[in-house]
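*Asks:* Shown below is the structure under consideration.
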Amino acid sequence: MSENEKTYISRQISVYKTDKKLVEFIDKLKPAPAEYYAHIHSFGDKDESGVRQISCIGITLQNYTNGTGKNIKRVSANISPDEAEYIFNQLQNGVQEFNFQQEKIFGTPDESGRSRVTKLRIIRAVTGSDGKPRRYPWYVEIANGTGEKVKKDNGGIFMKANSYQEQNKEYINLNDMDFYKLMIRVSKYIKAWEATVAPHIITEGKQAIAQMQEEGRS
């Protein structure tokens, strides 16, 4: 085993593969700082270095129809822990029709004033466009591209209409069992992460409050 193999640690939570495609869910969870200890997850709070941290679950789709290495087509998107649990709960409840759609624009604009955009669709459809029953009812689609970012007066951000330029888009179809295996592992991991991390975050936050009260600042 090489030195690189010894030090490599995977953040992959779950994965589904075919002979041509792959979808995986990745750990990108981030703890909240002591100032927002009750959040447990960081929702854009700044860390000690002043960098905003967002707790999320990454989703990556890969298409290696044209080969591996540089020939792999890869797209990615992120969902919040709550969104991941929502999707799993719908699956667990046996929902027949489901449609989850998300669009995000983020990052510092490039020299052309364009920022990164991710689009995600997770759908369950009982029948196809031809009216026939679908053997693989779950459909996951991710598109990556760029767009022009616009700031609202209240500080919010949205993408300027008709500015989106798609760079790559991939999809994969899954049956109920395979999608269940993916999502239950994600759900279990989120719960395990929270059970492991939350006590430290809560203790730190409570101690900070107690110290402020002692100093007469609260």
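Chains: A, B, ... in order of the structure tokens. Residues: from 1 per chain. Ligands: from 1, in order shown.
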I need the residues of range 28-203 of chain A that end up classed as helix (DSSP H, G or I) by DSSP on the backbone, written out as an MDAnalysis selection string.
*Replies:* chainID A and resid 34:39 69:71 81:92 176:203
*Asks:* Neighbours of range 91-98 of chain A within 12 Å (only C-alpha atoms; same-chain residues fewer than 3 positions away dropped), as a CSV table (one decimal) with N, CA and C atoms, in the first residue's frame?
*Replies:*
chain,number,residue,atom,x,y,z
A,84,ALA,N,-32.4,16.6,3.2
A,84,ALA,CA,-32.1,15.2,3.1
A,84,ALA,C,-33.1,14.4,3.9
A,85,GLU,N,-33.4,14.8,5.1
A,85,GLU,CA,-34.3,14.1,5.9
A,85,GLU,C,-35.7,14.2,5.3
A,86,TYR,N,-36.1,15.3,4.7
A,86,TYR,CA,-37.4,15.4,4.1
A,86,TYR,C,-37.5,14.4,3.0
A,87,ILE,N,-36.5,14.4,2.1
A,87,ILE,CA,-36.6,13.4,1.0
A,87,ILE,C,-36.7,12.0,1.5
A,88,PHE,N,-35.9,11.7,2.5
A,88,PHE,CA,-36.0,10.3,3.0
A,88,PHE,C,-37.3,10.0,3.6
A,101,GLN,N,-37.2,20.3,-6.3
A,101,GLN,CA,-36.3,21.1,-7.2
A,101,GLN,C,-35.6,22.2,-6.5
A,121,ARG,N,-32.8,18.2,-9.4
A,121,ARG,CA,-34.1,17.7,-9.4
A,121,ARG,C,-34.1,16.2,-8.9
A,122,ILE,N,-35.0,15.9,-8.0
A,122,ILE,CA,-35.2,14.6,-7.5
A,122,ILE,C,-36.7,14.3,-7.6
A,123,ILE,N,-37.0,13.3,-8.5
A,123,ILE,CA,-38.4,13.1,-8.9
A,123,ILE,C,-38.8,11.6,-8.7
A,124,ARG,N,-40.0,11.3,-8.3
A,124,ARG,CA,-40.5,10.0,-8.4
A,124,ARG,C,-41.8,10.0,-9.2
A,125,ALA,N,-41.8,9.2,-10.3
A,125,ALA,CA,-42.9,9.2,-11.2
A,125,ALA,C,-43.3,7.7,-11.4
A,126,VAL,N,-44.6,7.4,-11.2
A,126,VAL,CA,-45.0,6.0,-11.4
A,126,VAL,C,-45.0,5.6,-12.8
A,127,THR,N,-45.4,6.5,-13.7
A,127,THR,CA,-45.4,6.2,-15.2
A,127,THR,C,-44.6,7.2,-15.9
A,128,GLY,N,-44.1,6.7,-17.1
A,128,GLY,CA,-43.3,7.5,-18.0
A,128,GLY,C,-44.1,8.4,-18.9
A,133,PRO,N,-45.7,1.9,-16.9
A,133,PRO,CA,-45.1,1.9,-15.5
A,133,PRO,C,-43.6,2.0,-15.6
A,134,ARG,N,-43.0,2.8,-14.8
A,134,ARG,CA,-41.5,3.0,-14.7
A,134,ARG,C,-40.9,1.9,-13.8
A,137,PRO,N,-38.6,4.3,-10.8
A,137,PRO,CA,-39.4,5.5,-10.6
A,137,PRO,C,-38.6,6.7,-10.1
A,138,TRP,N,-37.5,6.5,-9.5
A,138,TRP,CA,-36.7,7.7,-9.0
A,138,TRP,C,-35.8,8.2,-10.0
A,139,TYR,N,-35.8,9.5,-10.2
A,139,TYR,CA,-34.9,10.2,-11.2
A,139,TYR,C,-34.2,11.3,-10.5
A,140,VAL,N,-32.9,11.3,-10.6
A,140,VAL,CA,-32.0,12.3,-10.0
A,140,VAL,C,-31.3,13.0,-11.1
A,175,ASN,N,-34.5,2.4,-8.7
A,175,ASN,CA,-35.7,1.8,-8.2
A,175,ASN,C,-35.8,2.2,-6.7
A,176,ASP,N,-36.9,1.8,-6.2
A,176,ASP,CA,-37.2,2.2,-4.8
A,176,ASP,C,-36.2,1.6,-3.8
A,177,MET,N,-35.8,0.4,-4.0
A,177,MET,CA,-34.9,-0.2,-3.0
A,177,MET,C,-33.5,0.5,-3.1
A,178,ASP,N,-33.0,0.7,-4.3
A,178,ASP,CA,-31.7,1.3,-4.4
A,178,ASP,C,-31.7,2.8,-3.8
A,179,PHE,N,-32.7,3.5,-4.1
A,179,PHE,CA,-32.8,4.9,-3.6
A,179,PHE,C,-33.0,4.8,-2.1
A,180,TYR,N,-33.7,3.9,-1.5
A,180,TYR,CA,-33.9,3.7,-0.1
A,180,TYR,C,-32.6,3.5,0.6
A,181,LYS,N,-31.7,2.6,0.0
A,181,LYS,CA,-30.4,2.3,0.5
A,181,LYS,C,-29.5,3.5,0.6
A,182,LEU,N,-29.6,4.3,-0.4
A,182,LEU,CA,-28.8,5.6,-0.4
A,182,LEU,C,-29.3,6.5,0.7
A,183,MET,N,-30.6,6.7,0.8
A,183,MET,CA,-31.1,7.8,1.7
A,183,MET,C,-31.1,7.3,3.1
A,184,ILE,N,-31.4,6.1,3.4
A,184,ILE,CA,-31.4,5.6,4.8
A,184,ILE,C,-30.0,5.8,5.4
A,187,SER,N,-29.6,9.4,6.2
A,187,SER,CA,-30.3,9.8,7.4
A,187,SER,C,-29.6,9.3,8.6
*Asks:* Select, from A:Lys149, A:Glu35, A:Ile40, A:Glu24, the residue with the minimum atom-to-atom distance to Ala195 in chain A, counting only C-alpha atoms.
*Replies:* A:Ile40
*Asks:* If we count only C-alpha atoms and set the cut-off at 8 Å, which residues sit around Pro33 in chain A, ignoring sequence neighbours fewer than 6 positions away in its own chain? Please answer as a PDB file with C-alpha atoms, in the first residue's frame.
*Replies:*
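Below is the file that was written, selection_11.pdb:
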ATOM      1  CA  SER A  42     -23.782  25.907  10.610  1.00  0.00           C
ATOM      2  CA  ASP A  45     -22.051  31.302  10.150  1.00  0.00           C
ATOM      3  CA  LYS A  46     -18.409  32.376  10.065  1.00  0.00           C
ATOM      4  CA  ASP A  47     -15.681  30.197  11.556  1.00  0.00           C
ATOM      5  CA  ILE A 201     -21.407  22.377  20.662  1.00  0.00           C
TER       6      ILE A 201
END
*Asks:* Could you tell me, as a VMD selection string, which residues of range 6-193 of chain A DSSP assigns to strand (DSSP E) when given the backbone?
*Replies:* chain A and resid 12 to 17 21 to 28 43 to 46 52 to 54 56 to 63 73 to 79 98 to 106 114 to 124 138 to 151 157 to 159 165 to 174
*Asks:* Just the residues within 6 Å of Arg114 in chain A, please, counting only C-alpha atoms, with nothing from its chain fewer than 2 positions along; format it as a compact mmCIF listing (two decimals) with C-alpha atoms, in the first residue's frame.
*Replies:*
# COMPACT_ATOMS: atom_id res chain seq x y z
CA PRO A 109 -18.19 36.26 -9.67
CA ASP A 110 -15.45 35.65 -12.26
CA SER A 112 -17.09 38.14 -16.66
CA THR A 146 -23.01 29.84 -14.49
CA GLY A 147 -25.28 32.85 -14.12
CA GLU A 148 -25.34 36.50 -13.14
*Asks:* Residues near Glu141 in chain A, anyone? I mean within 6 Å using only C-alpha atoms, not counting same-chain ones fewer than 4 positions away, as a list in words.
*Replies:*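 The residues that qualify are Leu120, Arg121, Glu170 and Tyr171 of chain A.
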*Asks:* Hey, can you spit out that residue selection with C-alpha atoms as an mmCIF file, in the first residue's frame?
*Replies:*
data_model
loop_
_atom_site.group_PDB
_atom_site.id
_atom_site.type_symbol
_atom_site.label_atom_id
_atom_site.label_comp_id
_atom_site.auth_asym_id
_atom_site.auth_seq_id
_atom_site.Cartn_x
_atom_site.Cartn_y
_atom_site.Cartn_z
ATOM 1 C CA LEU A 120 -31.025 19.707 -8.709
ATOM 2 C CA ARG A 121 -34.142 17.663 -9.421
ATOM 3 C CA GLU A 170 -26.278 14.362 -15.838
ATOM 4 C CA TYR A 171 -29.053 12.113 -14.548
#
*Asks:* So that I can check the surroundings of Ala198 in chain A, please list as a list in words every protein, DNA and RNA residue that reaches within 9 Å of it, counting only C-alpha atoms and ignoring chain neighbours fewer than 2 positions away.
*Replies:*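 Contacts, with the query itself left out: Pro31, Tyr37, Ala38, Ile40, His41, Trp193, Glu194, Ala195, Thr196, His200, Ile201, Ile202 and Thr203 of chain A.
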*Asks:* Considering only C-alpha atoms, state which residue in the set A:Lys152, A:Lys70, A:His39, A:Lys104 is at the smallest distance from Asp82 in chain A.
*Replies:*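 Distance minimum relative to Asp82 in chain A lands on A:His39.
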